Structures are given as C-alpha cells and as structure tokens.
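A short worksheet on the structure shown next.
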Amino acid sequence: MTFDEIVRAKIATTESKVAKGILKVVLGEYQQKNASGKATVNDGYSIIEKIVAGNKETLGYMKADDARRAGLEEETATVSALLPPYLSVDDTLKTIKGNEKLLAEVTTIGVANIGRATGAVVKFCKAEKLDVKGDTVKDALTKLFNGE
C-alpha cells in the first residue's frame, strides 16, 4: 500500500472527527507534495513529524485545564500511530556494537567526522530494514565515542 492509501484507509475506519480532520490534513499535505513531484513514504513521515512537533510545542504553552488540549493530544496520537517504530539511542548503539564491521568502520572514521560516521550507520540500518533517525544515530555515536 502507498502512503496515501494507508491514510485513506485510516480515515475510512476512524470515527472520531478530530482524528479524521488531522488525517485529512496529512493526506492533503502529502497530495500537494506529490503533485509537484514523486513524493515518498519518508515525505509522508516528515509531514507527520512536523505536525507532532508543532502539537507538542503548542501543548507546552497550554495550561493543564485548557479545553483544546485533549484535541491536540488526540491528533498527536492519531498521526503518531502512522510512524514506523524508530530505533532508540540505546538500540542504535547496540546495533553498532553488535556488528564488528560497522563498529570498525565507525571507529576508523572517528569522532572528528561524526557526520560521515552517522551516514555509515544510517546506510547500514537502511540495508538491514531498520528505521532510524539521523539525530538518534548521532547521539548513539556520541555515547560510543565518550565510552558510555
């Protein structure tokens, strides 16, 4: 299934007006991006991540008893469910340490070029069909190089 088919199916099976509304926003953003070129699943995930980040920022400014809070929390939960389970920093570190060739490559590259080391780990994870974020890899490498 393509990303837009997944979102459409979720819209069709969801009964909550709040959930349907935010899913339609995601679908619309994705379709707009797709109209200007071939959008990928990662583009869809990027749209969701921006919505989640925006909602979290807004929630940070709201009081606990704000009536709009429940709606934003429902939106965040609805769209977050569409994201793949990304590796945590500790899981990423275990993955690096668990593969001798990758660990040797990263160690050879060293802390001086953490960007290149991050790229090597991300490339490895993609080949292994593991979903990981670049910032998470960078944090895991920082822990590795600091001896944690």
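Please note that chains go A, B, ... in the order of the structure tokens, that every chain numbers its residues from 1, and that ligands are numbered from 1 in the order shown.
The environment of Lys50 of chain A within 12 Å, counting only C-alpha atoms and disregarding residues fewer than 5 places along the same chain, consists of A:Val25, A:Val26, A:Glu29, A:Asp43, A:Gly44, A:Tyr45, A:Asn55, A:Lys56, A:Glu57, A:Thr76, A:Val79, A:Ser80, A:Leu83.
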Just want the 12 Å neighbourhood of Leu102 of chain A, counted on only C-alpha atoms, with same-chain residues fewer than 2 positions away dropped. Output as a PyMOL selection string.
chain A and resi 92-100+104-109+117-125+141
Determine the nearest neighbour of Tyr86 of chain A from the options A:Ala127, A:Leu23, A:Met62, A:Val137, counting only C-alpha atoms.
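With only C-alpha atoms as the atom set, the closest residue is A:Val137.
Nearest residue to Val89 of chain A, choosing from A:Leu103, A:Met1, A:Val132, A:Ile6 and counting only C-alpha atoms: A:Val132.
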Counting only C-alpha atoms, figure out which residue out of A:Gly37, A:Gly110, A:Gly28, A:Pro84 gets nearest to Asp131 of chain A.
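Among the listed residues, A:Pro84 lies closest to Asp131 of chain A.
Checking A:Thr2, A:Thr14, A:Thr136, A:Asn146 one by one against Gln31 of chain A, counting only C-alpha atoms, you find the shortest gap at A:Thr2.
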